[in-house]
Structure formats: C-alpha cells, structure tokens
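Shown next: target-v1.cif, given as mmCIF, C-alpha atoms.
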```
data_entry
#
loop_
_atom_site.label_atom_id
_atom_site.label_comp_id
_atom_site.auth_asym_id
_atom_site.auth_seq_id
_atom_site.Cartn_x
_atom_site.Cartn_y
_atom_site.Cartn_z
CA GLU A 1 -27.17 -55.83 39.15
CA ALA A 2 -25.31 -54.73 36.00
CA THR A 3 -27.55 -56.99 33.92
CA GLU A 4 -30.64 -55.49 35.56
CA ILE A 5 -29.45 -51.94 34.77
CA THR A 6 -28.77 -52.93 31.16
CA MET A 7 -32.26 -54.42 30.89
CA THR A 8 -33.98 -51.29 32.23
CA THR A 9 -31.89 -49.14 29.90
CA LYS A 10 -33.07 -51.27 26.97
CA GLU A 11 -36.67 -51.02 28.16
CA LEU A 12 -36.43 -47.23 28.33
CA GLU A 13 -34.86 -47.15 24.88
CA GLN A 14 -37.72 -49.25 23.49
CA ARG A 15 -40.28 -47.01 25.18
CA LEU A 16 -38.70 -43.96 23.58
CA GLN A 17 -38.57 -45.66 20.20
CA ALA A 18 -42.25 -46.57 20.42
CA GLN A 19 -43.05 -42.87 20.96
CA ASP A 20 -40.68 -41.78 18.16
CA LEU A 21 -38.48 -39.86 20.60
CA LEU A 22 -35.12 -41.50 20.01
CA PHE A 23 -34.24 -38.92 17.38
CA LEU A 24 -34.49 -36.21 20.06
CA VAL A 25 -32.26 -38.23 22.37
CA GLU A 26 -29.70 -38.44 19.57
CA LYS A 27 -30.04 -34.74 18.87
CA HIS A 28 -29.52 -33.60 22.44
CA ARG A 29 -27.11 -36.13 23.88
CA CYS A 30 -24.18 -34.37 22.15
CA ASN A 31 -21.00 -36.28 23.12
CA GLU A 32 -22.65 -38.32 25.85
CA SER A 33 -23.39 -41.93 24.95
CA ARG A 34 -27.05 -42.82 24.62
CA GLU A 35 -26.67 -45.50 27.29
CA ASN A 36 -25.18 -43.08 29.83
CA LEU A 37 -27.86 -40.48 29.20
CA LEU A 38 -30.64 -43.02 29.70
CA ARG A 39 -28.91 -44.37 32.78
CA ARG A 40 -28.79 -40.89 34.36
CA PHE A 41 -32.53 -40.46 34.00
CA LEU A 42 -33.20 -43.99 35.24
CA THR A 43 -30.97 -43.50 38.28
CA ALA A 44 -32.78 -40.28 39.15
CA ARG A 45 -36.07 -42.22 39.15
CA ASP A 46 -34.83 -45.32 41.00
CA ASN A 47 -34.79 -47.38 37.79
CA ASP A 48 -38.53 -46.99 37.27
CA VAL A 49 -38.82 -47.09 33.47
CA GLU A 50 -42.16 -45.29 33.22
CA LYS A 51 -41.11 -42.49 35.56
CA ALA A 52 -37.78 -42.15 33.76
CA PHE A 53 -39.58 -42.03 30.41
CA SER A 54 -41.87 -39.19 31.56
CA PHE A 55 -38.90 -37.36 33.06
CA LEU A 56 -36.77 -37.64 29.93
CA LYS A 57 -39.68 -36.79 27.61
CA SER A 58 -40.31 -33.60 29.60
CA ASP A 59 -36.62 -32.69 29.45
CA LEU A 60 -36.37 -33.26 25.70
CA GLU A 61 -39.45 -31.07 25.11
CA TRP A 62 -37.92 -28.34 27.29
CA ARG A 63 -34.63 -28.50 25.37
CA GLU A 64 -36.48 -28.08 22.11
CA GLN A 65 -38.52 -25.14 23.42
CA GLN A 66 -35.48 -23.43 24.94
CA HIS A 67 -33.29 -24.03 21.87
CA VAL A 68 -30.60 -25.18 24.29
CA PHE A 69 -28.09 -25.70 21.47
CA LYS A 70 -27.66 -21.96 21.10
CA TYR A 71 -25.98 -21.74 24.52
CA HIS A 72 -23.19 -24.06 23.44
CA SER A 73 -21.59 -21.42 21.23
CA LEU A 74 -22.52 -18.23 23.07
CA THR A 75 -20.29 -16.25 25.41
CA SER A 76 -21.58 -14.96 28.74
CA SER A 77 -21.52 -11.43 27.32
CA LYS A 78 -23.82 -12.51 24.50
CA VAL A 79 -26.19 -14.24 26.91
CA LEU A 80 -26.41 -11.31 29.30
CA GLY A 81 -25.97 -8.43 26.89
CA VAL A 82 -29.05 -6.83 25.36
CA ASP A 83 -28.22 -4.86 22.21
CA GLY A 84 -24.71 -4.33 23.49
CA ASP A 85 -25.81 -3.29 27.00
CA VAL A 86 -23.76 -5.37 29.44
CA SER A 87 -24.69 -3.41 32.57
CA GLY A 88 -26.47 -6.45 34.01
CA LYS A 89 -23.46 -8.66 33.39
CA THR A 90 -21.07 -6.15 34.94
CA MET A 91 -23.12 -5.86 38.11
CA LEU A 92 -23.72 -9.61 38.32
CA ASP A 93 -19.97 -10.15 38.06
CA SER A 94 -19.46 -8.00 41.13
CA MET A 95 -22.18 -9.79 43.12
CA PHE A 96 -21.70 -13.45 42.26
CA ALA A 97 -18.33 -14.54 40.90
CA ILE A 98 -18.13 -17.88 39.08
CA GLY A 99 -15.02 -19.56 37.74
CA TYR A 100 -13.94 -22.88 36.24
CA LEU A 101 -10.89 -23.98 38.27
CA GLY A 102 -9.86 -27.19 36.49
CA LYS A 103 -10.30 -30.94 37.04
CA ASP A 104 -10.27 -32.98 40.25
CA PHE A 105 -8.42 -36.29 40.67
CA GLN A 106 -11.36 -38.12 39.06
CA GLY A 107 -11.28 -35.83 36.04
CA ARG A 108 -14.44 -33.96 37.06
CA PRO A 109 -14.61 -30.21 36.38
CA VAL A 110 -14.48 -28.05 39.51
CA VAL A 111 -16.48 -24.81 39.40
CA TYR A 112 -16.15 -22.15 42.10
CA ARG A 113 -18.93 -19.75 43.09
CA LYS A 114 -18.72 -16.91 45.59
CA ILE A 115 -21.37 -14.59 46.98
CA THR A 116 -20.02 -11.10 47.62
CA PRO A 117 -21.31 -8.37 49.98
CA GLN A 118 -22.67 -6.52 46.92
CA LEU A 119 -25.33 -9.19 46.26
CA ASP A 120 -28.62 -7.35 45.71
CA ALA A 121 -31.14 -8.84 43.26
CA VAL A 122 -33.47 -5.84 43.52
CA LYS A 123 -30.71 -3.43 42.52
CA LEU A 124 -29.59 -5.77 39.77
CA THR A 125 -33.05 -5.95 38.17
CA THR A 126 -34.02 -2.29 38.63
CA GLU A 127 -30.77 -0.52 37.74
CA THR A 128 -29.58 -2.70 34.85
CA ASN A 129 -30.94 -4.66 31.90
CA MET A 130 -30.95 -7.87 33.94
CA THR A 131 -34.36 -9.54 34.08
CA TYR A 132 -35.61 -12.67 35.77
CA GLU A 133 -35.72 -14.33 32.34
CA LYS A 134 -32.12 -13.34 31.66
CA PHE A 135 -31.10 -14.80 35.00
CA ILE A 136 -32.67 -18.12 34.03
CA GLU A 137 -30.95 -18.01 30.64
CA TYR A 138 -27.61 -17.31 32.28
CA ASN A 139 -27.97 -20.32 34.57
CA ILE A 140 -28.93 -22.58 31.65
CA TRP A 141 -25.83 -21.29 29.86
CA LEU A 142 -23.65 -22.00 32.91
CA LEU A 143 -24.91 -25.56 33.24
CA GLU A 144 -24.59 -26.29 29.52
CA ARG A 145 -21.06 -24.90 29.46
CA MET A 146 -20.15 -26.90 32.57
CA ALA A 147 -21.25 -30.03 30.71
CA LYS A 148 -19.00 -29.03 27.82
CA THR A 149 -15.93 -28.90 30.08
CA MET A 150 -16.34 -32.66 30.49
CA SER A 151 -17.47 -33.38 26.92
CA ASP A 152 -21.02 -34.02 28.19
CA GLU A 153 -20.00 -37.18 30.07
CA GLY A 154 -19.90 -37.62 33.83
CA GLN A 155 -20.40 -35.31 36.80
CA TRP A 156 -19.09 -31.99 38.07
CA VAL A 157 -17.97 -30.62 41.42
CA THR A 158 -19.06 -27.21 42.68
CA ILE A 159 -17.67 -25.11 45.50
CA LEU A 160 -19.93 -22.42 46.97
CA ASP A 161 -18.01 -19.93 49.11
CA LEU A 162 -20.27 -18.22 51.66
CA SER A 163 -17.57 -16.39 53.63
CA GLU A 164 -19.20 -13.05 52.83
CA LEU A 165 -22.84 -14.11 53.20
CA ARG A 166 -24.77 -11.70 55.41
CA PHE A 167 -28.19 -11.92 57.06
CA GLY A 168 -29.43 -9.17 54.72
CA HIS A 169 -28.76 -11.48 51.75
CA ILE A 170 -31.42 -13.95 52.90
CA THR A 171 -34.38 -12.34 51.18
CA LYS A 172 -37.40 -13.85 49.46
CA MET A 173 -36.09 -12.73 46.05
CA HIS A 174 -32.64 -14.24 46.60
CA LEU A 175 -34.12 -17.50 47.83
CA ASN A 176 -36.35 -17.59 44.77
CA TRP A 177 -33.30 -17.25 42.53
CA VAL A 178 -31.63 -20.12 44.38
CA LYS A 179 -34.74 -22.20 43.78
CA VAL A 180 -34.53 -21.46 40.05
CA LEU A 181 -31.09 -23.03 39.95
CA ALA A 182 -32.15 -25.96 42.16
CA ASP A 183 -35.13 -26.65 39.90
CA LEU A 184 -33.00 -26.46 36.74
CA LEU A 185 -30.59 -29.02 38.16
CA LYS A 186 -33.35 -31.30 39.36
CA GLU A 187 -35.49 -31.17 36.22
CA HIS A 188 -32.89 -31.06 33.44
CA TYR A 189 -29.46 -32.15 34.72
CA PRO A 190 -30.08 -35.35 36.70
CA GLU A 191 -27.02 -37.06 38.16
CA ARG A 192 -24.73 -34.30 36.89
CA LEU A 193 -23.77 -33.13 40.37
CA GLY A 194 -20.99 -35.22 41.84
CA LYS A 195 -20.27 -33.09 44.87
CA ASN A 196 -21.28 -29.66 46.15
CA MET A 197 -19.00 -28.22 48.83
CA ILE A 198 -20.53 -25.29 50.68
CA ILE A 199 -17.55 -23.71 52.43
CA ASN A 200 -17.05 -21.02 55.06
CA ALA A 201 -20.74 -21.18 55.92
CA PRO A 202 -21.64 -18.56 58.56
CA THR A 203 -24.27 -19.11 61.25
CA VAL A 204 -26.90 -17.19 59.23
CA PHE A 205 -26.72 -19.82 56.49
CA SER A 206 -28.69 -22.25 58.65
CA THR A 207 -31.79 -20.09 58.09
CA ALA A 208 -31.46 -20.28 54.31
CA TRP A 209 -30.56 -23.98 54.36
CA THR A 210 -33.68 -24.87 56.33
CA ILE A 211 -35.70 -23.54 53.40
CA ALA A 212 -33.46 -24.54 50.49
CA LYS A 213 -33.07 -28.19 51.46
CA THR A 214 -36.82 -28.72 51.05
CA TRP A 215 -36.36 -28.15 47.32
CA LEU A 216 -33.84 -30.97 46.96
CA ASP A 217 -34.32 -34.71 46.62
CA GLU A 218 -32.49 -37.08 48.94
CA ARG A 219 -29.88 -38.10 46.35
CA THR A 220 -28.88 -34.47 45.86
CA LYS A 221 -28.79 -33.69 49.59
CA GLN A 222 -26.39 -36.60 50.11
CA LYS A 223 -23.96 -34.94 47.67
CA ILE A 224 -23.90 -31.65 49.57
CA SER A 225 -21.43 -31.05 52.39
CA ILE A 226 -21.48 -27.90 54.51
CA TYR A 227 -18.29 -26.68 56.17
CA THR A 228 -18.15 -23.90 58.72
CA SER A 229 -14.39 -23.97 59.32
CA GLU A 230 -11.59 -23.60 56.80
CA LYS A 231 -9.70 -26.51 58.34
CA SER A 232 -12.57 -28.94 57.74
CA TRP A 233 -13.20 -28.11 54.08
CA ARG A 234 -9.49 -28.01 53.22
CA ALA A 235 -9.04 -31.51 54.64
CA GLU A 236 -11.83 -32.77 52.39
CA ALA A 237 -10.81 -30.74 49.34
CA GLU A 238 -7.23 -32.02 49.28
CA LYS A 239 -8.58 -35.56 48.96
CA MET A 240 -10.44 -34.47 45.81
CA PHE A 241 -8.13 -32.11 43.94
CA ASP A 242 -4.81 -30.28 43.97
CA LEU A 243 -5.31 -27.31 46.29
CA SER A 244 -3.30 -25.13 43.91
CA LEU A 245 -6.49 -25.03 41.81
CA LEU A 246 -8.11 -22.85 44.46
CA PRO A 247 -8.39 -19.08 43.96
CA GLU A 248 -5.51 -16.98 45.26
CA HIS A 249 -7.55 -15.59 48.16
CA LEU A 250 -8.00 -19.16 49.40
CA GLY A 251 -4.29 -19.95 49.09
CA GLY A 252 -4.35 -21.44 45.59
CA LEU A 253 -2.85 -20.23 42.31
CA THR A 254 -5.99 -19.40 40.32
CA ASN A 255 -6.25 -15.72 39.50
CA LEU A 256 -9.97 -15.01 39.30
CA SER A 257 -10.82 -12.10 37.05
CA PHE A 258 -14.02 -11.46 35.10
CA ASP A 259 -13.75 -11.33 31.35
CA PRO A 260 -13.71 -13.41 29.26
CA HIS A 261 -15.64 -15.92 31.33
CA SER A 262 -13.64 -19.09 31.97
CA LEU A 263 -16.65 -21.09 30.72
CA ASP A 264 -16.91 -19.17 27.44
CA PRO A 265 -16.52 -21.35 24.32
CA GLY A 266 -12.84 -21.63 23.43
CA GLN A 267 -11.75 -20.54 26.90
CA SER A 268 -12.13 -23.29 29.49
CA THR A 269 -9.96 -26.08 28.12
CA PRO A 270 -7.19 -23.94 26.58
CA LEU A 271 -6.90 -21.80 29.72
CA ALA A 272 -6.69 -24.79 32.03
CA ALA A 273 -4.21 -26.60 29.78
CA THR A 274 -2.01 -23.53 29.32
CA ALA A 275 -2.02 -22.76 33.03
CA ALA A 276 -1.05 -26.31 33.88
CA ALA A 277 1.80 -26.22 31.37
CA GLU A 278 3.11 -23.01 32.89
CA GLY A 279 2.75 -24.31 36.42
CA LYS A 280 0.15 -21.73 37.36
CA ARG A 281 -3.56 -21.07 36.94
CA GLU A 282 -4.85 -17.93 35.35
CA VAL A 283 -8.47 -18.78 34.84
CA ASP A 284 -11.08 -16.10 34.35
CA ALA A 285 -14.19 -16.03 36.50
CA ASN A 286 -17.53 -14.33 36.10
#
```
Show how you would write the structure in this file as structure tokens.
Amino acid sequence: EATEITMTTKELEQRLQAQDLLFLVEKHRCNESRENLLRRFLTARDNDVEKAFSFLKSDLEWREQQHVFKYHSLTSSKVLGVDGDVSGKTMLDSMFAIGYLGKDFQGRPVVYRKITPQLDAVKLTTETNMTYEKFIEYNIWLLERMAKTMSDEGQWVTILDLSELRFGHITKMHLNWVKVLADLLKEHYPERLGKNMIINAPTVFSTAWTIAKTWLDERTKQKISIYTSEKSWRAEAEKMFDLSLLPEHLGGLTNLSFDPHSLDPGQSTPLAATAAAEGKREVDAN
C-alpha cells in the first residue's frame, strides 16, 4: 500500500510538472514537504491522480488570486481593521471567541471556538465595518495561522463550544457564514482537520446540523463528534490532551482574553511555551 501511495504521488508530481505548476507548489507549500502536500490532495480524492490534479490546480490558482501569503504576517486587527476602524473586530470578539489552547498528545494544535449569546450577523454587518468579504478574509487568516502553529505540517483539532447556542441563532445568514467556513476547509485545506469536537450541544443544534452536514464530505463527517453532556466530551478530551489546556470556565487553566489574538504572528508559540514553563496558560483568544 505504501508503494502504491508513493507511485500515485509521483504520478501527480509528473502531472504538475507537465503543466508547469510545480513552481507554485514550491511557492505555497511553505514548511510542508512536497510529498505530504501532494498526499493530502490525493487522499481527499481517494488517490485519483486526475481528480487530485484538478483539485490542487484550483487551490494553487486561488492562493495566487487571494495573495494568501499576506495573511502569514498580519495580525487579526490588521485583517479586520479598515483604516484603523476596529469596530467590526471588537463586536466579532464578543460574539465568537476563538483561542489557540496549545498542543494535544499527538502534537496537534488545539483551537477553541465559542458562540456567545451576542451572536448577530445582521448587527455585525450593519453597525460596524464588518463585511461579508472581511468575514471570509478573517477565516482565511485563521486557517493560515492555524497551519503556522504546526509549521504547515499535519492536522489540527478544533473544539466548538455550543453551550450558549440559542434557537434565534439558527438563521439563514448565520448558516451561510458556517457554509463559508465549511467550503474553505473543503476546497483549500484538505486533510487538515484531525478532529472536531462539538461540545455542550443543545437540542436546537440538531436543526442546524441537519443542514450543515449536507455540506461536508464523508471523510470530514467521520472526524466530527457531537457531545451533549459535559461528562461525555471530557472523557474523550482527556484521551487527547491535558485538560488543563481548557479555558478557565471549563475547568482548565487557559485565561481567554481578546487582544492580541493568540494566533497573531509572534504570539502563539511564545505564549504557549511561556505558559507551559510557568505551569499555567495565559493564552489570548479572539
């Protein structure tokens, strides 16, 4: 099987070379090995070389058009601020907190997300400088920065806390924003998700999940676990990482604040390393 994978990787490499696209692979792979990048795209297309080629070609063209490199050195304030106006960022912080917690036992970065009762996309886009385009940019930035926490190699773990999800949050606009993120992951970050733990899911989540799961491929759905009780997700989480990584309100030691963002360049690794050395976690969230 290993020999077969190596062969298909070589075939994909030759296909890219024939189309003069290897230089773009080299440009955008960053610290990830060429072999691992090609393997991710092949895995996502069941080792079909032609399908993987089309998939990767489309991704490389998108990365060129989006100038994805710029997100590697930007802070969240720069991404969301327009001429110094960070009103959109401030409101987004209060609605949807995101923080880098540290690494699990496999060395994968663990990123925590939490929906708050303040979530209101209409208010966000009408009362601040936040636009739909900015929201997309912010999510590209998040995913690129998440890749940087693992030096572009491997997979990440995400925790989505829905303890404060309400029926009023399940709107067409909010679902559309969720689809934006799902599409970004599917089209440009294949095989990056290692595990997605959806915790404290209330009954109303079943309505949203019925819709959202139609946007996901089978491989992705298999990596998602939904937990309605705290006991069940804690039992699973402690097999994956030290529970002290959790935010304070979940019984851990991570103090989630908002600025600077824990995924900002120059923040994630030093913060995690310093916190570990001091025996505590003081990681910013946003």
**For CA of Leu22 in chain A and CA of Val180 in chain A, the interatomic separation in Å (one decimal)** = 28.3 Å
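The residue that comes closest to Gln118 in chain A, out of A:Met7, A:Met173, A:Ala208, A:Met95 and on the basis of all atoms listed in the file, is A:Met95.
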**Message:** Using only C-alpha atoms for the distances, tell me which of A:Ile211, A:Ile224, A:Leu124, A:Val111 is nearest to Phe241 in chain A.
**Reply:** A:Val111
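Minimum atom-to-atom distances from A:Thr126, A:Ser87, A:Gln155, A:Ser94 to Arg113 in chain A were compared using all atoms listed in the file, and the lowest value belongs to A:Ser94.
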**Message:** I'd like the contact shell of Ile170 in chain A - 9 Å cut-off, all atoms listed in the file, skipping same-chain residues fewer than 5 positions apart - returned as an MDAnalysis selection string.
**Reply:** chainID A and resid 165 175 204:205 207:208
**Asked** Leaving out Lys179 in chain A and any residue of its chain fewer than 6 positions from it, which residues lie within 12 Å of it when counting all atoms listed in the file, given as a list in words?
**Response**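 Answer for this query is Ile136, Asn139, Lys172, Met173, Leu185, Lys186, Glu187, Ala208, Trp209, Ile211, Ala212, Lys213, Thr214, Trp215 and Leu216 of chain A.
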